[in-house]
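Participant: Following this line is work-v8.cif, made up of mmCIF, C-alpha atoms:
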data_model
#
loop_
_atom_site.label_atom_id
_atom_site.label_comp_id
_atom_site.auth_asym_id
_atom_site.auth_seq_id
_atom_site.Cartn_x
_atom_site.Cartn_y
_atom_site.Cartn_z
CA MET A 1 33.92 -49.13 32.84
CA LEU A 2 35.34 -45.94 34.39
CA ARG A 3 35.28 -44.25 30.96
CA ALA A 4 31.64 -45.23 30.46
CA PHE A 5 30.80 -43.86 33.91
CA SER A 6 32.63 -40.62 33.09
CA ASN A 7 30.79 -40.24 29.76
CA ALA A 8 27.45 -40.87 31.46
CA LYS A 9 28.31 -38.29 34.12
CA ASP A 10 29.18 -35.71 31.43
CA LYS A 11 25.88 -36.32 29.67
CA ILE A 12 23.98 -35.68 32.89
CA LYS A 13 26.08 -32.67 33.86
CA GLY A 14 26.03 -30.97 30.42
CA PRO A 15 22.29 -30.21 30.11
CA MET A 16 22.07 -29.19 33.78
CA ALA A 17 24.86 -26.68 33.32
CA ARG A 18 23.35 -25.32 30.09
CA SER A 19 20.76 -22.90 31.41
CA TYR A 20 19.27 -20.85 28.58
CA SER A 21 17.89 -18.39 31.11
CA SER A 22 21.34 -16.76 30.98
CA ASN A 23 20.17 -15.24 27.70
CA ILE A 24 17.63 -13.09 29.53
CA PRO A 25 20.02 -10.44 31.00
CA LYS A 26 21.72 -10.12 27.59
CA LEU A 27 18.35 -9.60 25.94
CA TYR A 28 17.67 -6.90 28.53
CA ILE A 29 20.85 -5.07 27.43
CA ILE A 30 19.80 -5.33 23.77
CA LYS A 31 16.41 -3.96 24.75
CA LEU A 32 18.09 -1.11 26.66
CA ALA A 33 20.33 -0.26 23.69
CA LYS A 34 17.30 -0.18 21.42
CA TRP A 35 15.01 1.76 23.74
CA PHE A 36 17.41 4.18 25.48
CA MET A 37 16.65 6.68 22.75
CA LEU A 38 18.26 10.00 23.55
CA THR A 39 16.89 11.29 20.24
CA MET A 40 13.20 10.50 20.72
CA PRO A 41 12.13 13.45 22.92
CA ILE A 42 13.59 15.95 20.43
CA ILE A 43 13.63 14.17 17.05
CA VAL A 44 10.59 15.94 15.57
CA LEU A 45 12.01 19.27 16.77
CA PHE A 46 15.36 18.28 15.16
CA TYR A 47 13.60 17.57 11.87
CA GLN A 48 11.78 20.90 12.01
CA GLU A 49 15.05 22.72 12.76
CA ASN A 50 16.38 21.18 9.54
CA GLY A 51 13.42 22.45 7.51
CA LEU A 52 11.07 19.43 7.50
CA SER A 53 7.25 19.71 7.77
CA MET A 54 5.04 17.22 9.63
CA GLN A 55 4.24 15.60 6.29
CA ASN A 56 8.01 15.22 5.64
CA VAL A 57 8.49 13.79 9.15
CA LEU A 58 5.78 11.15 8.79
CA THR A 59 6.89 10.40 5.22
CA LEU A 60 10.36 9.63 6.62
CA LYS A 61 8.77 7.31 9.16
CA ALA A 62 6.73 5.70 6.38
CA PHE A 63 9.98 4.96 4.49
CA TYR A 64 11.38 3.50 7.70
CA SER A 65 8.32 1.27 7.84
CA VAL A 66 8.83 0.26 4.20
CA ALA A 67 12.42 -0.77 5.02
CA VAL A 68 11.12 -2.82 7.94
CA VAL A 69 8.36 -4.28 5.75
CA ILE A 70 10.82 -5.42 3.06
CA MET A 71 13.03 -7.26 5.55
CA GLU A 72 10.61 -8.10 8.38
CA ILE A 73 9.42 -11.54 7.27
CA PRO A 74 12.77 -12.63 5.70
CA SER A 75 14.56 -11.54 8.91
CA GLY A 76 12.15 -13.61 11.00
CA TYR A 77 12.78 -16.55 8.71
CA PHE A 78 16.57 -16.04 9.03
CA ALA A 79 16.12 -16.07 12.81
CA ASP A 80 14.22 -19.38 12.61
CA ILE A 81 16.69 -21.06 10.22
CA TRP A 82 19.99 -19.16 10.40
CA GLY A 83 19.74 -18.62 14.15
CA ARG A 84 18.37 -16.02 16.56
CA LYS A 85 21.87 -15.05 17.72
CA LYS A 86 23.31 -14.26 14.27
CA THR A 87 20.21 -12.30 13.35
CA LEU A 88 20.40 -10.22 16.53
CA ILE A 89 24.12 -9.50 15.94
CA LEU A 90 23.41 -8.19 12.43
CA GLY A 91 20.50 -6.07 13.66
CA SER A 92 22.63 -4.59 16.44
CA VAL A 93 25.43 -3.60 14.06
CA LEU A 94 23.02 -1.91 11.65
CA GLY A 95 21.31 -0.14 14.55
CA CYS A 96 24.63 1.46 15.49
CA LEU A 97 25.51 2.34 11.88
CA GLY A 98 22.19 4.13 11.35
CA PHE A 99 22.97 6.70 14.04
CA VAL A 100 26.42 7.26 12.57
CA VAL A 101 24.69 8.28 9.33
CA TYR A 102 22.22 10.48 11.25
CA SER A 103 25.05 12.33 13.00
CA PHE A 104 26.48 13.51 9.67
CA SER A 105 23.17 14.31 7.91
CA SER A 106 21.23 17.58 7.72
CA ASP A 107 18.55 17.15 5.04
CA PHE A 108 15.64 14.90 4.11
CA TYR A 109 17.72 12.54 1.94
CA GLY A 110 20.46 12.07 4.51
CA PHE A 111 17.84 11.30 7.13
CA LEU A 112 16.20 8.93 4.65
CA ILE A 113 19.38 6.84 4.32
CA ALA A 114 19.71 6.70 8.10
CA GLU A 115 16.07 5.64 8.47
CA LEU A 116 16.48 2.85 5.89
CA VAL A 117 19.57 1.47 7.69
CA LEU A 118 17.80 1.66 11.07
CA GLY A 119 14.66 0.08 9.61
CA ILE A 120 16.54 -2.93 8.26
CA GLY A 121 18.44 -3.26 11.55
CA SER A 122 15.23 -3.08 13.56
CA SER A 123 13.63 -5.81 11.44
CA PHE A 124 16.48 -8.19 12.31
CA ILE A 125 15.93 -7.61 16.03
CA SER A 126 12.13 -7.55 16.20
CA GLY A 127 10.68 -11.03 16.41
CA ALA A 128 14.07 -12.67 16.99
CA ASP A 129 14.37 -11.21 20.50
CA SER A 130 10.90 -12.33 21.62
CA ALA A 131 11.36 -15.72 19.95
CA LEU A 132 14.70 -16.28 21.70
CA LEU A 133 13.18 -15.22 25.02
CA TYR A 134 10.26 -17.64 24.66
CA ASP A 135 12.41 -20.56 23.46
CA SER A 136 15.01 -19.96 26.20
CA LEU A 137 12.25 -20.21 28.80
CA LEU A 138 10.79 -23.23 26.98
CA GLN A 139 14.14 -25.07 27.15
CA ASP A 140 14.29 -24.43 30.91
CA LYS A 141 10.61 -25.46 31.28
CA LYS A 142 9.63 -21.94 32.33
CA GLU A 143 7.50 -20.99 29.32
CA GLY A 144 4.58 -20.26 31.67
CA THR A 145 6.50 -17.18 32.85
CA TYR A 146 6.83 -15.73 29.34
CA LEU A 147 4.13 -13.07 29.76
CA LYS A 148 5.72 -11.93 33.03
CA GLN A 149 9.20 -11.81 31.44
CA GLU A 150 7.94 -10.05 28.29
CA SER A 151 6.14 -7.52 30.48
CA ARG A 152 9.29 -6.93 32.54
CA MET A 153 11.38 -6.57 29.41
CA MET A 154 8.92 -4.06 28.03
CA SER A 155 9.03 -2.21 31.35
CA VAL A 156 12.81 -2.06 31.25
CA GLY A 157 12.60 -0.71 27.69
CA ASN A 158 10.14 1.98 28.68
CA PHE A 159 12.08 2.90 31.81
CA ALA A 160 15.14 3.24 29.60
CA GLU A 161 13.23 5.42 27.15
CA ALA A 162 11.95 7.49 30.07
CA LEU A 163 15.44 8.13 31.47
CA ALA A 164 16.64 8.83 27.93
CA GLY A 165 13.97 11.53 27.75
CA ILE A 166 15.65 13.43 30.57
CA ALA A 167 19.18 12.80 29.26
CA GLY A 168 18.23 13.59 25.66
CA GLY A 169 16.45 16.79 26.66
CA SER A 170 19.52 17.90 28.64
CA LEU A 171 21.92 17.09 25.78
CA ALA A 172 19.63 18.97 23.40
CA LEU A 173 20.39 22.15 25.35
CA ILE A 174 23.88 21.93 23.78
CA SER A 175 22.37 21.33 20.32
CA LEU A 176 19.60 19.19 18.86
CA ARG A 177 22.27 17.12 17.06
CA THR A 178 24.19 16.20 20.23
CA PRO A 179 21.79 13.39 21.30
CA PHE A 180 22.34 11.66 17.94
CA ILE A 181 26.11 11.59 18.48
CA PHE A 182 25.75 10.09 21.97
CA GLN A 183 23.18 7.61 20.62
CA ILE A 184 25.91 5.88 18.59
CA PHE A 185 27.59 4.67 21.79
CA ILE A 186 24.28 3.59 23.35
CA ALA A 187 23.35 1.57 20.26
CA PHE A 188 26.79 -0.10 20.25
CA MET A 189 26.03 -1.74 23.64
CA ALA A 190 23.83 -4.27 21.83
CA VAL A 191 26.69 -5.59 19.68
CA PRO A 192 28.80 -7.38 22.36
CA SER A 193 25.63 -8.45 24.22
CA SER A 194 24.23 -10.17 21.12
CA MET A 195 27.57 -11.88 20.51
CA MET A 196 27.42 -13.44 24.01
CA LEU A 197 23.96 -14.95 23.54
CA MET A 198 23.51 -18.73 23.67
CA GLU A 199 21.70 -20.14 20.64
CA VAL A 200 18.78 -22.41 21.52
CA GLU A 201 19.20 -25.89 20.05
CA ARG A 202 15.90 -26.96 18.51
CA SER A 203 15.25 -30.53 17.44
CA ASP A 204 12.62 -29.32 14.95
CA LEU A 205 15.19 -27.23 13.07
CA LYS A 206 15.69 -28.73 9.61
CA PRO A 207 16.80 -27.29 6.28
CA LYS A 208 13.76 -25.66 4.67
CA GLY A 209 12.89 -24.54 1.18
CA GLY A 210 14.07 -20.94 1.48
CA PHE A 211 11.65 -18.37 0.12
CA ILE A 212 9.09 -21.08 -0.66
CA HIS A 213 9.00 -22.02 3.01
CA ILE A 214 8.53 -18.36 4.01
CA LEU A 215 5.48 -18.26 1.75
CA LYS A 216 4.18 -21.46 3.36
CA VAL A 217 4.51 -19.97 6.86
CA VAL A 218 2.81 -16.76 5.72
CA ARG A 219 0.01 -18.74 4.06
CA TYR A 220 -0.45 -20.83 7.20
CA ALA A 221 -0.50 -17.80 9.52
CA LEU A 222 -2.67 -15.54 7.36
CA TRP A 223 -4.88 -18.04 5.52
CA GLU A 224 -4.99 -21.57 6.91
CA ASN A 225 -5.08 -20.77 10.65
CA LEU A 226 -8.03 -18.41 11.14
CA GLN A 227 -7.41 -17.94 14.87
CA LEU A 228 -3.77 -17.00 14.32
CA ARG A 229 -4.67 -14.69 11.43
CA LEU A 230 -7.19 -12.72 13.47
CA ASN A 231 -4.87 -12.42 16.47
CA ILE A 232 -2.02 -11.16 14.26
CA LEU A 233 -4.32 -8.59 12.65
CA TYR A 234 -5.74 -7.50 16.01
CA SER A 235 -2.28 -7.06 17.53
CA SER A 236 -1.05 -5.23 14.41
CA ILE A 237 -3.87 -2.67 14.46
CA PHE A 238 -3.01 -1.58 17.99
CA GLY A 239 0.73 -1.80 17.36
CA CYS A 240 0.20 0.70 14.54
CA ALA A 241 -1.94 2.86 16.84
CA THR A 242 0.73 3.14 19.54
CA LEU A 243 3.39 3.86 16.92
CA ALA A 244 1.30 6.59 15.29
CA LEU A 245 0.52 8.44 18.52
CA ALA A 246 4.17 8.46 19.56
CA TRP A 247 5.01 10.69 16.58
CA PHE A 248 2.28 13.17 17.53
CA VAL A 249 3.36 13.65 21.16
CA GLN A 250 6.07 16.25 20.51
CA PRO A 251 4.09 18.53 18.14
CA TYR A 252 1.03 18.03 20.37
CA LEU A 253 2.96 19.35 23.38
CA LYS A 254 4.67 22.06 21.33
CA GLN A 255 1.28 23.61 20.51
CA PHE A 256 1.05 24.51 24.22
CA ASP A 257 4.29 26.57 23.87
CA MET A 258 6.38 24.14 25.90
CA ASP A 259 10.17 24.31 25.73
CA VAL A 260 12.41 21.34 24.88
CA SER A 261 13.27 20.47 28.49
CA ARG A 262 9.62 20.35 29.59
CA ILE A 263 8.68 18.21 26.59
CA GLY A 264 11.53 15.86 27.57
CA VAL A 265 10.17 15.58 31.13
CA ILE A 266 6.64 14.74 29.94
CA TRP A 267 8.07 12.23 27.45
CA THR A 268 9.95 10.65 30.35
CA LEU A 269 6.83 10.44 32.52
CA LEU A 270 4.79 8.93 29.67
CA ASN A 271 7.31 6.13 29.20
CA LEU A 272 7.59 5.53 32.94
CA THR A 273 3.81 5.12 32.90
CA VAL A 274 4.06 2.44 30.21
CA GLY A 275 6.85 0.70 32.10
CA PHE A 276 5.01 0.55 35.43
CA THR A 277 1.75 -0.56 33.81
CA ALA A 278 3.46 -3.32 31.84
CA LEU A 279 4.73 -4.83 35.10
CA PHE A 280 1.13 -5.58 36.06
CA ALA A 281 -0.13 -6.59 32.60
CA HIS A 282 -0.15 -10.32 33.41
CA ARG A 283 -2.18 -9.68 36.58
CA ILE A 284 -4.70 -7.50 34.74
CA GLU A 285 -5.12 -10.16 32.04
CA SER A 286 -5.56 -12.83 34.71
CA SER A 287 -8.25 -10.78 36.45
CA LEU A 288 -10.22 -9.60 33.41
CA GLY A 289 -9.72 -12.65 31.20
CA LYS A 290 -9.15 -12.50 27.45
CA VAL A 291 -12.55 -10.99 26.60
CA GLY A 292 -12.40 -8.24 29.23
CA THR A 293 -8.76 -7.40 28.47
CA SER A 294 -9.42 -7.26 24.72
CA LEU A 295 -12.36 -4.89 25.22
CA LEU A 296 -10.22 -2.70 27.48
CA ILE A 297 -7.58 -2.48 24.74
CA VAL A 298 -10.06 -1.58 21.97
CA ILE A 299 -11.93 1.05 23.95
CA GLY A 300 -8.92 2.39 25.84
CA LEU A 301 -6.56 3.00 22.90
CA SER A 302 -9.16 4.39 20.49
CA SER A 303 -10.68 6.71 23.12
CA GLY A 304 -7.17 7.84 24.10
CA PHE A 305 -6.70 9.18 20.56
CA ILE A 306 -10.14 10.81 20.43
CA LEU A 307 -9.98 12.42 23.89
CA SER A 308 -6.49 13.81 23.19
CA GLY A 309 -7.82 15.34 19.99
CA VAL A 310 -10.92 16.81 21.63
CA MET A 311 -8.99 18.50 24.45
CA THR A 312 -7.66 21.88 23.32
CA THR A 313 -6.06 22.81 26.67
CA GLN A 314 -3.21 21.27 28.66
CA LEU A 315 -5.76 18.86 30.16
CA GLY A 316 -5.15 16.90 26.95
CA ILE A 317 -1.86 15.79 28.50
CA VAL A 318 -3.91 13.71 30.97
CA CYS A 319 -5.43 11.89 27.97
CA LEU A 320 -1.94 11.08 26.72
CA PHE A 321 -1.15 9.43 30.06
CA TYR A 322 -4.42 7.49 29.86
CA PHE A 323 -3.43 6.21 26.40
CA TYR A 324 0.04 5.20 27.61
CA ILE A 325 -1.45 3.25 30.53
CA ILE A 326 -3.51 1.14 28.12
CA ARG A 327 -0.47 0.79 25.85
CA GLY A 328 1.51 -0.74 28.73
CA ILE A 329 -1.23 -3.32 29.21
CA ALA A 330 -1.77 -4.08 25.52
CA THR A 331 1.70 -4.68 24.07
CA PRO A 332 2.95 -7.69 26.12
CA ILE A 333 -0.51 -9.28 26.28
CA LEU A 334 -1.12 -9.17 22.53
CA LYS A 335 2.30 -10.73 21.89
CA ASP A 336 1.49 -13.47 24.39
CA TYR A 337 -1.81 -14.27 22.64
CA ILE A 338 0.13 -14.90 19.43
CA ASN A 339 2.86 -16.97 21.13
CA ARG A 340 0.27 -19.25 22.74
CA ILE A 341 -0.95 -20.45 19.34
CA THR A 342 2.41 -20.53 17.51
CA THR A 343 5.03 -23.31 17.40
CA SER A 344 8.75 -22.70 17.98
CA ASP A 345 9.82 -23.60 14.43
CA MET A 346 7.96 -20.57 13.04
CA ARG A 347 7.68 -18.30 16.08
CA ALA A 348 10.15 -15.60 14.94
CA THR A 349 8.65 -15.58 11.43
CA VAL A 350 5.13 -15.15 12.81
CA LEU A 351 6.17 -12.37 15.22
CA SER A 352 7.98 -10.69 12.33
CA LEU A 353 4.83 -11.06 10.25
CA ARG A 354 2.98 -9.14 12.97
CA ASN A 355 5.57 -6.35 12.82
CA PHE A 356 5.37 -6.47 9.01
CA ILE A 357 1.63 -5.74 9.11
CA ILE A 358 2.12 -2.98 11.71
CA ARG A 359 4.59 -1.27 9.39
CA ILE A 360 2.38 -1.73 6.32
CA LEU A 361 -0.54 -0.11 8.14
CA PHE A 362 1.70 2.69 9.42
CA ALA A 363 3.24 3.33 5.98
CA ILE A 364 -0.27 3.70 4.56
CA ILE A 365 -1.80 5.91 7.23
CA ALA A 366 1.16 7.99 8.55
CA PRO A 367 1.75 10.29 5.54
CA PHE A 368 -2.00 10.92 5.33
CA LEU A 369 -2.20 11.78 9.05
CA GLY A 370 0.79 14.10 8.62
CA TRP A 371 -0.93 15.84 5.68
CA TYR A 372 -4.21 16.01 7.62
CA SER A 373 -2.41 17.54 10.59
CA ASP A 374 -0.64 20.16 8.43
CA HIS A 375 -3.85 21.20 6.62
CA PHE A 376 -6.32 21.02 9.51
CA SER A 377 -5.04 20.47 13.06
CA ILE A 378 -3.31 17.89 15.23
CA GLY A 379 -6.52 17.46 17.24
CA GLU A 380 -8.62 16.65 14.18
CA ALA A 381 -5.99 14.19 12.96
CA LEU A 382 -6.05 12.39 16.33
CA ILE A 383 -9.88 12.19 16.35
CA PHE A 384 -9.88 10.77 12.82
CA ALA A 385 -7.18 8.19 13.72
CA GLY A 386 -9.01 7.12 16.90
CA SER A 387 -12.26 6.54 14.99
CA ILE A 388 -10.52 4.34 12.39
CA ILE A 389 -8.74 2.34 15.11
CA PHE A 390 -11.99 1.73 16.99
CA LEU A 391 -13.73 0.54 13.80
CA LEU A 392 -10.92 -1.80 12.70
CA GLY A 393 -10.07 -3.10 16.19
CA GLY A 394 -13.68 -3.63 17.23
CA THR A 395 -14.54 -5.51 14.03
CA THR A 396 -11.49 -7.77 14.36
CA LEU A 397 -12.24 -8.48 18.02
CA PHE A 398 -15.81 -9.48 17.11
CA PHE A 399 -14.54 -12.09 14.65
CA ILE A 400 -11.90 -13.36 17.11
CA HIS A 401 -14.51 -14.18 19.74
CA LYS A 402 -16.90 -15.56 17.14
CA THR A 403 -14.15 -17.94 15.95
CA GLU A 404 -13.13 -18.97 19.48
CA ARG A 405 -16.74 -19.75 20.46
CA LYS A 406 -16.92 -22.16 17.55
#
Go through the file and emit its structure as structure tokens.
Facilitator:
Amino acid sequence: MLRAFSNAKDKIKGPMARSYSSNIPKLYIIKLAKWFMLTMPIIVLFYQENGLSMQNVLTLKAFYSVAVVIMEIPSGYFADIWGRKKTLILGSVLGCLGFVVYSFSSDFYGFLIAELVLGIGSSFISGADSALLYDSLLQDKKEGTYLKQESRMMSVGNFAEALAGIAGGSLALISLRTPFIFQIFIAFMAVPSSMMLMEVERSDLKPKGGFIHILKVVRYALWENLQLRLNILYSSIFGCATLALAWFVQPYLKQFDMDVSRIGVIWTLLNLTVGFTALFAHRIESSLGKVGTSLLIVIGLSSGFILSGVMTTQLGIVCLFYFYIIRGIATPILKDYINRITTSDMRATVLSLRNFIIRILFAIIAPFLGWYSDHFSIGEALIFAGSIIFLLGGTTLFFIHKTERK
């Protein structure tokens, strides 16, 4: 009788003690390691110092996107079946290794190898981190706070990137390669943090049919479920937009004859803007509703591109800040719209599918935008990109609301 009482007591005590919310601070550290990018405020300048043109730069980033594309959906599937924790560990290790390669490279092909390693590592983290966050909250019956937590996590990432802008700009005064060396140690922080994560036990987790099951999830998300398909496409268009503009910021500022330290300060302020805005994303969405928020995203991001391209003076910097404000609102909200209509057994795969489409779009458009910028001007390239984004985003939004009304 005493043994039975003890066993019953252990069964009650076990689940209470197992709080999956303890994963959240570790996910914050992984986010910090990924976003505290000392290299970002000077990376385009580093490429140019090593003889690369803007077309070379955006071609490198297109190859990075191809690496992500190849592994994005399989990595999401591994996270769903193999486990979020193991996937995040692998991604963290590769993220550190990529910067080791960068530190010893000085030409296009060396940078290419580093980008491929970093791309594969990034694919193992993206999707798995958001999925683990959502499922950890779900296990603790706090899934209603996901948007707030995702927004905070994004804010932390952007604050980290902002501070890295100052630190990276200062280290670049030694040499443009120095930030890459220090980045190795920053990236390594994610490795022990991912190892300490608690895997979420899911009752719906069963052995699946490998690659055949991946195809079934993709078919469901992109063919059978119209609402999910349109939301993934909508989110992907604007994910590609924010990624594309980020690579134009440094050459855009350089055309105003700014030095490295000043570019680093503006980069810092831009990311602080995203971070602060993201903190209030859930409140903005609650006030405007889905329709109003979606319109704000379409108009805000596309006009941010166009206005930045039109401005030929330093007033264009104000347009960059405007774009980054809308970016802070858009990113966590668009992820939340996908999570609301996705089940836990395929959540990481679906989020990885979103990242897959972002990278496909970027790989297609980035080299062309780089060529357009080299042969015409950065301003004309930004106007062209903003027009395409408005057309694609507006059309997708129309079909989303048409579907939801039905």
Participant: For CA of Gly76 (chain A) and CA of Cys240 (chain A), determine how far apart the two atoms are, in Å to one decimal place.
Facilitator: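 Computing it gives 19.0 Å between the two atoms.
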Participant: Go through A:Leu382, A:Leu351, A:Val218, A:Ala79 and flag the residue nearest Thr312 (chain A), using all atoms listed in the file for the distances.
Facilitator: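 The shortest atom-to-atom distance to Thr312 (chain A) comes from A:Leu382.
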Participant: Skip region 38-53 of chain A itself and residues of its chain fewer than 6 positions away, then list as a PyMOL selection string all residues within 8 Å of it, counting all atoms listed in the file.
Facilitator: chain A and resi 106-108+161+164-165+167-169+172+176-177+179-180+182-183+247+250-251+260+263-264+267+374
Participant: Keeping only C-alpha atoms, take the residues you just selected and write them out as a compact mmCIF listing (two decimals), in the coordinates of the input.
Facilitator:
# COMPACT_ATOMS: atom_id res chain seq x y z
CA SER A 106 21.23 17.58 7.72
CA ASP A 107 18.55 17.15 5.04
CA PHE A 108 15.64 14.90 4.11
CA GLU A 161 13.23 5.42 27.15
CA ALA A 164 16.64 8.83 27.93
CA GLY A 165 13.97 11.53 27.75
CA ALA A 167 19.18 12.80 29.26
CA GLY A 168 18.23 13.59 25.66
CA GLY A 169 16.45 16.79 26.66
CA ALA A 172 19.63 18.97 23.40
CA LEU A 176 19.60 19.19 18.86
CA ARG A 177 22.27 17.12 17.06
CA PRO A 179 21.79 13.39 21.30
CA PHE A 180 22.34 11.66 17.94
CA PHE A 182 25.75 10.09 21.97
CA GLN A 183 23.18 7.61 20.62
CA TRP A 247 5.01 10.69 16.58
CA GLN A 250 6.07 16.25 20.51
CA PRO A 251 4.09 18.53 18.14
CA VAL A 260 12.41 21.34 24.88
CA ILE A 263 8.68 18.21 26.59
CA GLY A 264 11.53 15.86 27.57
CA TRP A 267 8.07 12.23 27.45
CA ASP A 374 -0.64 20.16 8.43
Participant: So which residues touch Ile29 (chain A) within 9 Å, counting all atoms listed in the file, skipping near sequence neighbours fewer than 2 positions away, as an mmCIF file with C-alpha atoms, keeping the file's coordinate frame?
Facilitator:
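Writing done, so here's out_0.cif:
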data_model
loop_
_atom_site.group_PDB
_atom_site.id
_atom_site.type_symbol
_atom_site.label_atom_id
_atom_site.label_comp_id
_atom_site.auth_asym_id
_atom_site.auth_seq_id
_atom_site.Cartn_x
_atom_site.Cartn_y
_atom_site.Cartn_z
ATOM 1 C CA ILE A 24 17.630 -13.090 29.530
ATOM 2 C CA PRO A 25 20.020 -10.440 31.000
ATOM 3 C CA LYS A 26 21.720 -10.120 27.590
ATOM 4 C CA LEU A 27 18.350 -9.600 25.940
ATOM 5 C CA LYS A 31 16.410 -3.960 24.750
ATOM 6 C CA LEU A 32 18.090 -1.110 26.660
ATOM 7 C CA ALA A 33 20.330 -0.260 23.690
ATOM 8 C CA LYS A 34 17.300 -0.180 21.420
ATOM 9 C CA MET A 189 26.030 -1.740 23.640
ATOM 10 C CA ALA A 190 23.830 -4.270 21.830
ATOM 11 C CA SER A 193 25.630 -8.450 24.220
ATOM 12 C CA SER A 194 24.230 -10.170 21.120
#
Participant: Enumerate, as a ChimeraX atom specification, the residues matched when the PyMOL selection byres ((chain A and resi 67) around 8) is run on the file above.
Facilitator: /A:63-66,68-71,116-117,119-120
Participant: Pick the closest to Thr268 (chain A) from A:Thr343, A:Thr395, A:Asn158, A:Ser123: which is it, counting all atoms listed in the file?
Facilitator: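 Using all atoms listed in the file, the shortest distance to Thr268 (chain A) belongs to A:Asn158.
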Participant: If you apply the PyMOL selection byres ((chain A and resi 324-328) around 7) to this file, what residues do you get, as a PyMOL selection string?
Facilitator: chain A and resi 242+270+273-275+277-278+297+300-301+320-323+329-331
Participant: Please dump the current selection as a tab-separated table (two decimals), keeping the file's coordinate frame; keep C-alpha atoms.
Facilitator:
chain	number	residue	atom	x	y	z
A	242	THR	CA	0.73	3.14	19.54
A	270	LEU	CA	4.79	8.93	29.67
A	273	THR	CA	3.81	5.12	32.90
A	274	VAL	CA	4.06	2.44	30.21
A	275	GLY	CA	6.85	0.70	32.10
A	277	THR	CA	1.75	-0.56	33.81
A	278	ALA	CA	3.46	-3.32	31.84
A	297	ILE	CA	-7.58	-2.48	24.74
A	300	GLY	CA	-8.92	2.39	25.84
A	301	LEU	CA	-6.56	3.00	22.90
A	320	LEU	CA	-1.94	11.08	26.72
A	321	PHE	CA	-1.15	9.43	30.06
A	322	TYR	CA	-4.42	7.49	29.86
A	323	PHE	CA	-3.43	6.21	26.40
A	329	ILE	CA	-1.23	-3.32	29.21
A	330	ALA	CA	-1.77	-4.08	25.52
A	331	THR	CA	1.70	-4.68	24.07
Participant: May I ask for the distance between CA of Leu222 (chain A) and CA of Ala366 (chain A), given in Å to one decimal place?
Facilitator: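 Separation between CA of Leu222 (chain A) and CA of Ala366 (chain A): 23.9 Å.
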Participant: Given the file shown, enumerate the residues that the PyMOL selection byres ((chain A and resi 151) around 10) captures and present them as a list in words.
Facilitator: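 This file, filtered by the PyMOL selection byres ((chain A and resi 151) around 10), leaves Thr145, Tyr146, Leu147, Lys148, Gln149, Glu150, Arg152, Met153, Met154, Ser155, Val156, Gly157, Gly275, Phe276, Thr277, Ala278, Leu279, Phe280, Ala281, His282, Gly328, Ile329, Ala330, Thr331, Pro332, Ile333, Lys335 and Asp336 of chain A.
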Participant: What separation in Å, quoted to one decimal, exists between CA of Ile388 (chain A) and CA of Lys290 (chain A)?
Facilitator: 22.6 Å
Participant: When you look at Ile237 (chain A) with a cut-off of 9 Å (counting all atoms listed in the file), what residues show up, excluding the ones that are within fewer than 6 positions of it in the same chain? I need them as JSON, numbers by chain.
Facilitator: {"A": [357, 358, 361, 389, 392, 393]}
Participant: Between A:Met195, A:Leu397, A:Leu112, A:Leu60, which is the closest to Thr293 (chain A) once you count all atoms listed in the file?
Facilitator: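 Nearest candidate to Thr293 (chain A) out of A:Met195, A:Leu397, A:Leu112, A:Leu60: A:Leu397.
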Participant: Quick one: residues within 8 Å of Val100 (chain A), only C-alpha atoms counted, chain neighbours fewer than 3 positions away excluded, as a PyMOL selection string?
Facilitator: chain A and resi 96-97+103-104+181+184
Participant: Taking all atoms listed in the file into account, which of A:Ile378, A:Ile214, A:Pro74, A:Lys86 comes nearest Pro192 (chain A)?
Facilitator: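 Checking each of A:Ile378, A:Ile214, A:Pro74, A:Lys86 against Pro192 (chain A), counting all atoms listed in the file, the winner is A:Lys86.
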Participant: Which residue gives the smallest distance to Ala162 (chain A) among A:Ser19, A:Thr396, A:Ser235, A:Asn271, with only C-alpha atoms counted?
Facilitator: A:Asn271
Participant: Which of these, A:Gly386, A:Ile125, A:Thr59, A:Gln314, has the shortest distance to Leu253 (chain A) once you count only C-alpha atoms?
Facilitator: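 The closest residue to Leu253 (chain A) is A:Gln314.
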Participant: Once N, CA, C and O atoms are restored for region 383-387 of chain A, what would the output be as a PDB file, in the coordinates of the input?
Facilitator:
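Ended up saving to result_9.pdb:
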ATOM      1  N   ILE A 383      -8.486  12.668  16.302  1.00  0.00           N
ATOM      2  CA  ILE A 383      -9.880  12.190  16.350  1.00  0.00           C
ATOM      3  C   ILE A 383     -10.155  11.244  15.194  1.00  0.00           C
ATOM      4  O   ILE A 383     -10.773  10.177  15.362  1.00  0.00           O
ATOM      5  N   PHE A 384      -9.695  11.617  14.003  1.00  0.00           N
ATOM      6  CA  PHE A 384      -9.880  10.770  12.820  1.00  0.00           C
ATOM      7  C   PHE A 384      -9.197   9.411  13.025  1.00  0.00           C
ATOM      8  O   PHE A 384      -9.783   8.358  12.761  1.00  0.00           O
ATOM      9  N   ALA A 385      -7.934   9.430  13.500  1.00  0.00           N
ATOM     10  CA  ALA A 385      -7.180   8.190  13.720  1.00  0.00           C
ATOM     11  C   ALA A 385      -7.861   7.299  14.750  1.00  0.00           C
ATOM     12  O   ALA A 385      -7.979   6.079  14.557  1.00  0.00           O
ATOM     13  N   GLY A 386      -8.340   7.892  15.851  1.00  0.00           N
ATOM     14  CA  GLY A 386      -9.010   7.120  16.900  1.00  0.00           C
ATOM     15  C   GLY A 386     -10.270   6.440  16.405  1.00  0.00           C
ATOM     16  O   GLY A 386     -10.568   5.292  16.778  1.00  0.00           O
ATOM     17  N   SER A 387     -11.025   7.117  15.538  1.00  0.00           N
ATOM     18  CA  SER A 387     -12.260   6.540  14.990  1.00  0.00           C
ATOM     19  C   SER A 387     -11.955   5.334  14.105  1.00  0.00           C
ATOM     20  O   SER A 387     -12.631   4.299  14.187  1.00  0.00           O
TER      21      SER A 387
END
